[in-house]
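Notes for the one structure printed next.
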Amino acid sequence: MADQIFKAVILACTAFIGLVFLWILGEVVVKGISHLSFSFLFDAPVNSGRAGGIAPILVSTLMIIIVAVSVSVPLGLGVAVWLSEFTKQGQKFATSTRLTLDVLAGIPSIVYGLFGNAFFCIYLGLGFSILSGGLTLACMILPIFIRTCEMGLRTVNDSWRKGALALGMTRTAAIWHILLPSATPAIIAGLVLGIGRATAETAALIFTSGYVDRMPESFMDSGRALAVHIYDLSMNVTGGDHAAYATALTLIILIVFFNIMAQFMMDQWLGRKVLSS
Amino acid sequence: MFVNLKLVWLVTLLFFSSFSTTMAADNRLVITGSSTVAPLALEIAKLFENNNPGIRIDVQTGGSSRGINDARMGLANIGMVSRALKPAESDLTPFTIAMDGIGMIVHKSNNIKTLSNAQIIAIYKGKITNWKQLGGSDLAISVVNKAEGRSTLELFLKHFSLKNSQIKAHVVIGDNQQGIKTVSGTPGAIGYVSIGTAEYEEKQGTPIRLLPLAGVSASVRDGVFPLSRPLNLVTKGKPSLLAKRFIGFAQSAEVHGLVKNQFFVPLKP
């Protein structure tokens, strides 16, 4: 009897979560699909985004993500490898690094936005630019990315490390050819989480990459991200709701696309190593 | 594989560092401030850029306080402020580009037809807590107030001689659209938003209703509203030649269509 109640409760929880997700998705699809078209994706916004499309905003978003990912992936993998492979149990510096990362992961994104504005835009003189926005996002996704990758590396069985040592592999070779490839699922998870968070970010970007909806010409131009555009349309532009839903739908499609891409690229990049060496 | 990765990283670094060339300042304007003015300023800037090839105007948002601050610090050539300047801000020069009226809104199902100033004050101070006390239905009043730092809040407080600490708010909101969404989703709510926005949403069938203020029913078309604010561009000291030209353009009759598109009221010629 207790077993059945337990099962029913668990099922109810699952159904509830699924329903909420479907509701959100359904609402965005139903309200956004009528406004979404090829010209919406390839035109510049007109009349504060009520008409026209989102082409420059889409391009800015992609550029911001390129900056964020190309900075955070090498840095993050480096720190994760150091934390899991090069530190001793209970080493003070490593413990405090982990603690710092965990605290940083929980900080609201607006704090990153203000930091990014003060540090990248004003102190480093990058101004409102896609570069400032991308670097701010990199700071924001690094803690989660590092911790996820570290966990992935830690779960690799120790006998693999000993085996590599016994075969006379250098530490570098062992990490590169054995540990990193076997931690691929965790690295992908970290990357997908990071990109998802970056793409959906408003608060960290409004003060760093900015509000300009012109087609960006370089990484030093200010460029509006999709999430900032949605926020502005729904909160600030009277009569912009249709365009907001269509933009939200585009954002969801983009995130799904990125997740598939990340999976594919990681498979290609890391999966081949084990075979080719 | 190692070399490759290093190479990619190096190229990426070079790629980024090559962008640090600074732009010539005389063909570029930075405008920051009020999120209410930002969409309008952006549209005016686009038209100005079209008329003057080679000119770049970057509009950034963040609120009126930011506009004041950035104009003062020299971080922006022009600040956007959606209220009249205060005496403490006399170091800045305001240029009004449009007017915005503020109106009280309630949910459409609310059968209250009008409220006196005294009644509005009592509601916001928490002395009247149910619509029943004003002759309406038995429904608790949800007081919707604006967040600290918003120009609409300051205007509202000044008009009704209230202090923000006296207000017993149930919901604190930021932008106009958020106000509309909150009130349209709460049958007992009362709030105040930009009249142009409220009129548009009422026409679109959003369940809200504008209340007349002190017996005057507000309307953007007639330019009649007891509670109004100027939308300003502000500069510190003498504006640069380009800034001056842009401000002149933003005040001209050429942009009246753009002003109306944003549901604001153009300046009388």
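As shown in the structure tokens, the chain order sets the letters A, B, ...; within each chain, residues go from 1, and ligands are also counted from 1 in the order they appear.
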Requested in this report: Please return, as a ChimeraX atom specification, all residues of chain A lying within 6 Å of chain B when only C-alpha atoms are considered.
Outcome: /A:48,210-212,235-236,238
Any idea what's packed within 10 Å of range 104-121 of chain A, counting only C-alpha atoms, ignoring anything in its chain fewer than 2 positions away? Could you give it as a tab-separated table (two decimals) with N, CA and C atoms, in the first residue's frame?
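And here is the file that came out, out_33.tsv:
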chain	number	residue	atom	x	y	z
A	98	ARG	N	37.70	25.62	-4.92
A	98	ARG	CA	36.39	24.97	-5.10
A	98	ARG	C	35.29	25.77	-4.41
A	99	LEU	N	35.58	26.18	-3.20
A	99	LEU	CA	34.57	26.94	-2.44
A	99	LEU	C	34.23	28.23	-3.18
A	100	THR	N	35.28	28.93	-3.65
A	100	THR	CA	35.06	30.17	-4.39
A	100	THR	C	34.18	29.93	-5.61
A	101	LEU	N	34.49	28.86	-6.35
A	101	LEU	CA	33.72	28.56	-7.56
A	101	LEU	C	32.26	28.29	-7.22
A	102	ASP	N	32.04	27.54	-6.12
A	102	ASP	CA	30.66	27.22	-5.74
A	102	ASP	C	29.90	28.48	-5.35
A	123	TYR	N	36.87	49.95	-16.86
A	123	TYR	CA	38.27	49.84	-16.45
A	123	TYR	C	39.17	49.42	-17.60
A	124	LEU	N	38.77	48.36	-18.35
A	124	LEU	CA	39.59	47.93	-19.49
A	124	LEU	C	39.30	48.74	-20.75
A	125	GLY	N	38.28	49.62	-20.67
A	125	GLY	CA	38.01	50.51	-21.79
A	125	GLY	C	37.41	49.83	-23.01
A	126	LEU	N	36.77	48.67	-22.82
A	126	LEU	CA	36.17	47.99	-23.97
A	126	LEU	C	34.82	48.59	-24.34
A	127	GLY	N	34.27	49.41	-23.46
A	127	GLY	CA	32.99	50.07	-23.73
A	127	GLY	C	31.85	49.07	-23.83
A	128	PHE	N	30.65	49.56	-24.21
A	128	PHE	CA	29.55	48.65	-24.48
A	128	PHE	C	29.90	47.89	-25.75
A	129	SER	N	30.25	46.63	-25.62
A	129	SER	CA	30.64	45.88	-26.81
A	129	SER	C	30.32	44.41	-26.65
A	131	LEU	N	32.36	42.11	-27.14
A	131	LEU	CA	33.49	41.54	-26.42
A	131	LEU	C	33.25	41.62	-24.90
A	132	SER	N	32.85	42.82	-24.40
A	132	SER	CA	32.56	42.96	-22.97
A	132	SER	C	31.49	41.97	-22.54
A	133	GLY	N	30.42	41.87	-23.35
A	133	GLY	CA	29.32	40.98	-23.00
A	133	GLY	C	29.76	39.53	-22.97
A	134	GLY	N	30.53	39.13	-23.99
A	134	GLY	CA	30.99	37.75	-24.07
A	134	GLY	C	31.90	37.40	-22.91
A	135	LEU	N	32.80	38.32	-22.55
A	135	LEU	CA	33.72	38.06	-21.44
A	135	LEU	C	32.96	37.99	-20.12
A	136	THR	N	31.95	38.86	-19.95
A	136	THR	CA	31.14	38.81	-18.73
A	136	THR	C	30.42	37.46	-18.63
A	137	LEU	N	29.89	37.01	-19.75
A	137	LEU	CA	29.21	35.71	-19.75
A	137	LEU	C	30.20	34.58	-19.45
A	139	CYS	N	32.79	34.76	-17.54
A	139	CYS	CA	32.96	34.76	-16.08
A	139	CYS	C	31.79	34.05	-15.41
A	140	MET	N	30.60	34.26	-15.98
A	140	MET	CA	29.40	33.73	-15.36
A	140	MET	C	29.29	32.22	-15.52
A	141	ILE	N	29.68	31.70	-16.70
A	141	ILE	CA	29.49	30.26	-16.91
A	141	ILE	C	30.69	29.44	-16.45
A	142	LEU	N	31.86	30.09	-16.25
A	142	LEU	CA	33.05	29.34	-15.85
A	142	LEU	C	32.86	28.50	-14.58
A	143	PRO	N	32.31	29.06	-13.49
A	143	PRO	CA	32.20	28.25	-12.27
A	143	PRO	C	31.44	26.94	-12.48
A	144	ILE	N	30.29	27.01	-13.15
A	144	ILE	CA	29.50	25.80	-13.37
A	144	ILE	C	30.24	24.85	-14.29
A	145	PHE	N	30.83	25.41	-15.34
A	145	PHE	CA	31.54	24.57	-16.31
A	145	PHE	C	32.70	23.83	-15.64
A	147	ARG	N	33.22	23.13	-12.41
A	147	ARG	CA	32.81	22.13	-11.43
A	147	ARG	C	32.22	20.90	-12.10
A	197	ARG	N	22.65	28.95	-20.23
A	197	ARG	CA	22.58	30.08	-19.32
A	197	ARG	C	22.99	31.36	-20.03
A	198	ALA	N	24.02	31.26	-20.86
A	198	ALA	CA	24.53	32.45	-21.56
A	198	ALA	C	23.50	32.99	-22.55
A	201	GLU	N	20.56	34.93	-21.06
A	201	GLU	CA	20.92	35.95	-20.09
A	201	GLU	C	20.47	37.36	-20.51
A	202	THR	N	19.86	38.08	-19.58
A	202	THR	CA	19.47	39.46	-19.83
A	202	THR	C	20.29	40.40	-18.96
A	203	ALA	N	20.21	40.16	-17.65
A	203	ALA	CA	20.76	41.11	-16.68
A	203	ALA	C	22.25	41.34	-16.87
A	204	ALA	N	22.99	40.26	-17.18
A	204	ALA	CA	24.44	40.42	-17.31
A	204	ALA	C	24.81	41.14	-18.60
A	205	LEU	N	23.88	41.17	-19.56
A	205	LEU	CA	24.23	41.70	-20.88
A	205	LEU	C	23.76	43.12	-21.12
A	206	ILE	N	22.68	43.53	-20.43
A	206	ILE	CA	22.10	44.84	-20.75
A	206	ILE	C	23.10	45.96	-20.45
A	207	PHE	N	23.99	45.74	-19.45
A	207	PHE	CA	24.98	46.76	-19.10
A	207	PHE	C	26.35	46.49	-19.71
A	208	THR	N	26.50	45.41	-20.49
A	208	THR	CA	27.83	45.11	-21.04
A	208	THR	C	27.82	45.09	-22.57
A	209	SER	N	26.96	44.24	-23.16
A	209	SER	CA	26.92	44.25	-24.63
A	209	SER	C	25.92	45.29	-25.12
A	210	GLY	N	24.98	45.66	-24.27
A	210	GLY	CA	24.17	46.84	-24.54
A	210	GLY	C	22.87	46.62	-25.28
Requested in this report: Any chance you could list, as a list in words, the residues in range 10-218 of chain A that come up strand (DSSP E or B) when DSSP is run on the backbone?
Outcome: Pro45, Val46, Ala51 and Gly52 of chain A
Just-selected residues, C-alpha atoms written as an mmCIF file, in the first residue's frame:
data_model
loop_
_atom_site.group_PDB
_atom_site.id
_atom_site.type_symbol
_atom_site.label_atom_id
_atom_site.label_comp_id
_atom_site.auth_asym_id
_atom_site.auth_seq_id
_atom_site.Cartn_x
_atom_site.Cartn_y
_atom_site.Cartn_z
ATOM 1 C CA PRO A 45 13.912 45.570 -36.472
ATOM 2 C CA VAL A 46 11.567 48.424 -37.385
ATOM 3 C CA ALA A 51 7.713 45.292 -36.990
ATOM 4 C CA GLY A 52 10.624 44.020 -39.051
#
- Which residue, B:Ser252, B:Asn130, B:Asn145, B:Ser151, has the smallest gap to Asn164 in chain B when you use only C-alpha atoms?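 Closest residue, counting only C-alpha atoms: B:Asn145.
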Assign secondary structure with DSSP using the backbone only, and return the residues of range 69-139 of chain A in helix (DSSP H, G or I) as a ChimeraX atom specification. /A:69-85,92-105,109-123,130-139
So how far away is CA of Val106 in chain B from CA of Lys146 in chain B, in Å?
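Calculated distance between CA of Lys146 in chain B and CA of Val106 in chain B is 15.1 Å.
CA of Arg50 in chain A is found 14.3 Å from CA of Val259 in chain B.
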Spatial neighbours of Ile105 in chain B, 8 Å, only C-alpha atoms, chain gap at least 2 places, as a VMD selection string: chain B and resid 103 107 183 190 to 193 198 208 to 211
Take the residues that were just selected and, keeping N, CA, C and O atoms, output them as a short mmCIF file (atom, residue, chain, number, x, y, z; two decimals), in the first residue's frame.
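Printed below is out_22.cif as written:
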data_model
loop_
_atom_site.label_atom_id
_atom_site.label_comp_id
_atom_site.auth_asym_id
_atom_site.auth_seq_id
_atom_site.Cartn_x
_atom_site.Cartn_y
_atom_site.Cartn_z
N GLY B 103 -1.35 57.80 -15.84
CA GLY B 103 -2.73 57.61 -15.43
C GLY B 103 -2.86 56.45 -14.46
O GLY B 103 -2.03 55.54 -14.43
N HIS B 107 -8.32 47.07 -12.79
CA HIS B 107 -8.77 45.95 -13.61
C HIS B 107 -10.12 46.30 -14.23
O HIS B 107 -10.91 47.01 -13.63
N VAL B 183 -1.64 44.51 -13.31
CA VAL B 183 -3.01 44.94 -13.03
C VAL B 183 -4.02 44.10 -13.82
O VAL B 183 -5.07 43.72 -13.31
N ILE B 190 -4.65 48.16 -8.28
CA ILE B 190 -4.64 49.53 -8.77
C ILE B 190 -3.17 49.91 -8.98
O ILE B 190 -2.31 49.55 -8.19
N GLY B 191 -2.91 50.59 -10.09
CA GLY B 191 -1.53 50.97 -10.37
C GLY B 191 -1.48 52.23 -11.21
O GLY B 191 -2.54 52.81 -11.53
N TYR B 192 -0.30 52.70 -11.51
CA TYR B 192 -0.19 53.87 -12.38
C TYR B 192 0.86 53.62 -13.44
O TYR B 192 1.93 53.09 -13.17
N VAL B 193 0.52 53.92 -14.69
CA VAL B 193 1.43 53.68 -15.82
C VAL B 193 1.30 54.82 -16.82
O VAL B 193 0.44 55.69 -16.70
N ALA B 198 -1.37 52.62 -21.65
CA ALA B 198 -2.64 52.14 -21.11
C ALA B 198 -3.74 52.24 -22.16
O ALA B 198 -4.54 51.31 -22.34
N ILE B 208 -7.94 46.16 -18.56
CA ILE B 208 -7.60 47.25 -17.65
C ILE B 208 -8.48 48.45 -17.99
O ILE B 208 -9.07 48.51 -19.06
N ARG B 209 -8.58 49.42 -17.07
CA ARG B 209 -9.35 50.63 -17.35
C ARG B 209 -8.63 51.82 -16.75
O ARG B 209 -8.15 51.79 -15.61
N LEU B 210 -8.52 52.90 -17.55
CA LEU B 210 -7.93 54.14 -17.07
C LEU B 210 -8.95 54.88 -16.22
O LEU B 210 -10.11 55.01 -16.62
N LEU B 211 -8.53 55.38 -15.07
CA LEU B 211 -9.44 56.16 -14.23
C LEU B 211 -9.21 57.65 -14.47
O LEU B 211 -8.08 58.08 -14.65
#
* Find the spatial neighbours of Ala248 in chain A, counting only C-alpha atoms, within a cut-off of 10 Å - ignore same-chain residues fewer than 2 positions away - and output them as a ChimeraX atom specification. => /A:25,28-29,31-32,200,226-227,229-231,242-246,250-254
Go ahead and dump the residues you just picked, N, CA, C and O atoms, as an mmCIF file, in the first residue's frame.
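Result went into selection.cif, see below:
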data_model
loop_
_atom_site.group_PDB
_atom_site.id
_atom_site.type_symbol
_atom_site.label_atom_id
_atom_site.label_comp_id
_atom_site.auth_asym_id
_atom_site.auth_seq_id
_atom_site.Cartn_x
_atom_site.Cartn_y
_atom_site.Cartn_z
ATOM 1 N N LEU A 25 6.296 25.825 -23.170
ATOM 2 C CA LEU A 25 6.663 25.642 -24.566
ATOM 3 C C LEU A 25 5.471 25.930 -25.471
ATOM 4 O O LEU A 25 5.581 26.648 -26.466
ATOM 5 N N VAL A 28 4.621 29.673 -25.810
ATOM 6 C CA VAL A 28 5.563 30.385 -26.684
ATOM 7 C C VAL A 28 5.333 29.996 -28.143
ATOM 8 O O VAL A 28 5.309 30.857 -29.031
ATOM 9 N N VAL A 29 5.130 28.695 -28.389
ATOM 10 C CA VAL A 29 4.941 28.241 -29.777
ATOM 11 C C VAL A 29 3.650 28.825 -30.351
ATOM 12 O O VAL A 29 3.640 29.415 -31.434
ATOM 13 N N LYS A 31 1.857 31.447 -29.455
ATOM 14 C CA LYS A 31 1.826 32.896 -29.649
ATOM 15 C C LYS A 31 2.926 33.402 -30.568
ATOM 16 O O LYS A 31 2.863 34.510 -31.080
ATOM 17 N N GLY A 32 3.977 32.587 -30.755
ATOM 18 C CA GLY A 32 5.111 33.085 -31.531
ATOM 19 C C GLY A 32 5.116 32.641 -32.975
ATOM 20 O O GLY A 32 5.634 33.336 -33.839
ATOM 21 N N ALA A 200 20.304 32.696 -22.536
ATOM 22 C CA ALA A 200 19.081 33.196 -21.930
ATOM 23 C C ALA A 200 19.331 34.406 -21.039
ATOM 24 O O ALA A 200 18.435 34.873 -20.355
ATOM 25 N N LEU A 226 19.384 38.404 -27.842
ATOM 26 C CA LEU A 226 17.982 37.994 -27.993
ATOM 27 C C LEU A 226 17.185 38.190 -26.703
ATOM 28 O O LEU A 226 16.076 38.702 -26.715
ATOM 29 N N ALA A 227 17.791 37.786 -25.574
ATOM 30 C CA ALA A 227 17.063 37.866 -24.312
ATOM 31 C C ALA A 227 16.790 39.325 -23.931
ATOM 32 O O ALA A 227 15.723 39.647 -23.393
ATOM 33 N N HIS A 229 16.380 41.707 -26.055
ATOM 34 C CA HIS A 229 15.332 42.130 -26.988
ATOM 35 C C HIS A 229 13.957 41.684 -26.488
ATOM 36 O O HIS A 229 12.999 42.456 -26.497
ATOM 37 N N ILE A 230 13.872 40.439 -26.038
ATOM 38 C CA ILE A 230 12.594 39.929 -25.515
ATOM 39 C C ILE A 230 12.160 40.762 -24.311
ATOM 40 O O ILE A 230 11.007 41.174 -24.203
ATOM 41 N N TYR A 231 13.111 41.019 -23.425
ATOM 42 C CA TYR A 231 12.810 41.807 -22.224
ATOM 43 C C TYR A 231 12.291 43.197 -22.606
ATOM 44 O O TYR A 231 11.268 43.657 -22.095
ATOM 45 N N HIS A 242 3.802 40.329 -29.702
ATOM 46 C CA HIS A 242 3.894 39.295 -30.747
ATOM 47 C C HIS A 242 5.340 39.056 -31.123
ATOM 48 O O HIS A 242 5.796 37.916 -31.205
ATOM 49 N N ALA A 243 6.054 40.166 -31.346
ATOM 50 C CA ALA A 243 7.461 40.047 -31.716
ATOM 51 C C ALA A 243 8.253 39.415 -30.578
ATOM 52 O O ALA A 243 9.183 38.639 -30.812
ATOM 53 N N ALA A 244 7.860 39.701 -29.323
ATOM 54 C CA ALA A 244 8.553 39.123 -28.172
ATOM 55 C C ALA A 244 8.409 37.602 -28.179
ATOM 56 O O ALA A 244 9.377 36.874 -27.970
ATOM 57 N N TYR A 245 7.171 37.110 -28.439
ATOM 58 C CA TYR A 245 6.962 35.659 -28.452
ATOM 59 C C TYR A 245 7.723 35.005 -29.593
ATOM 60 O O TYR A 245 8.309 33.933 -29.437
ATOM 61 N N ALA A 246 7.708 35.663 -30.762
ATOM 62 C CA ALA A 246 8.429 35.093 -31.905
ATOM 63 C C ALA A 246 9.925 35.030 -31.601
ATOM 64 O O ALA A 246 10.598 34.050 -31.938
ATOM 65 N N THR A 250 12.432 31.762 -31.310
ATOM 66 C CA THR A 250 13.728 31.674 -31.967
ATOM 67 C C THR A 250 14.809 31.281 -30.965
ATOM 68 O O THR A 250 15.666 30.437 -31.253
ATOM 69 N N LEU A 251 14.736 31.880 -29.778
ATOM 70 C CA LEU A 251 15.729 31.610 -28.738
ATOM 71 C C LEU A 251 15.692 30.138 -28.328
ATOM 72 O O LEU A 251 16.733 29.485 -28.190
ATOM 73 N N ILE A 252 14.486 29.599 -28.167
ATOM 74 C CA ILE A 252 14.356 28.196 -27.772
ATOM 75 C C ILE A 252 14.940 27.288 -28.856
ATOM 76 O O ILE A 252 15.707 26.362 -28.569
ATOM 77 N N ILE A 253 14.600 27.594 -30.123
ATOM 78 C CA ILE A 253 15.118 26.784 -31.234
ATOM 79 C C ILE A 253 16.644 26.840 -31.247
ATOM 80 O O ILE A 253 17.325 25.842 -31.425
ATOM 81 N N LEU A 254 17.181 28.043 -30.998
ATOM 82 C CA LEU A 254 18.625 28.233 -30.993
ATOM 83 C C LEU A 254 19.289 27.389 -29.902
ATOM 84 O O LEU A 254 20.314 26.741 -30.132
#
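Each of A:Ile178, A:Leu193, A:Ile54, A:Cys13 was compared to Gly163 in chain A using only C-alpha atoms, and A:Ile178 turns out to be the nearest.
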Check: In Å, with one decimal, what is the gap from CA of Pro187 in chain B to CA of Val144 in chain B?
Finding: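 We find that CA of Pro187 in chain B and CA of Val144 in chain B lie 12.1 Å from each other.
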Find the residues near Glu85 in chain A: any atom within 9 Å, counting only C-alpha atoms, skip ones fewer than 6 places away on the same chain, and give them as a JSON list (two decimals) with C-alpha atoms, in the first residue's frame.
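This is the output file around06.json:
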[["chain", "number", "residue", "atom", "x", "y", "z"],
["A", 153, "LEU", "CA", 37.14, 13.76, -14.43],
["A", 154, "ARG", "CA", 36.84, 12.53, -10.85],
["A", 175, "ILE", "CA", 45.01, 13.29, -19.41]]
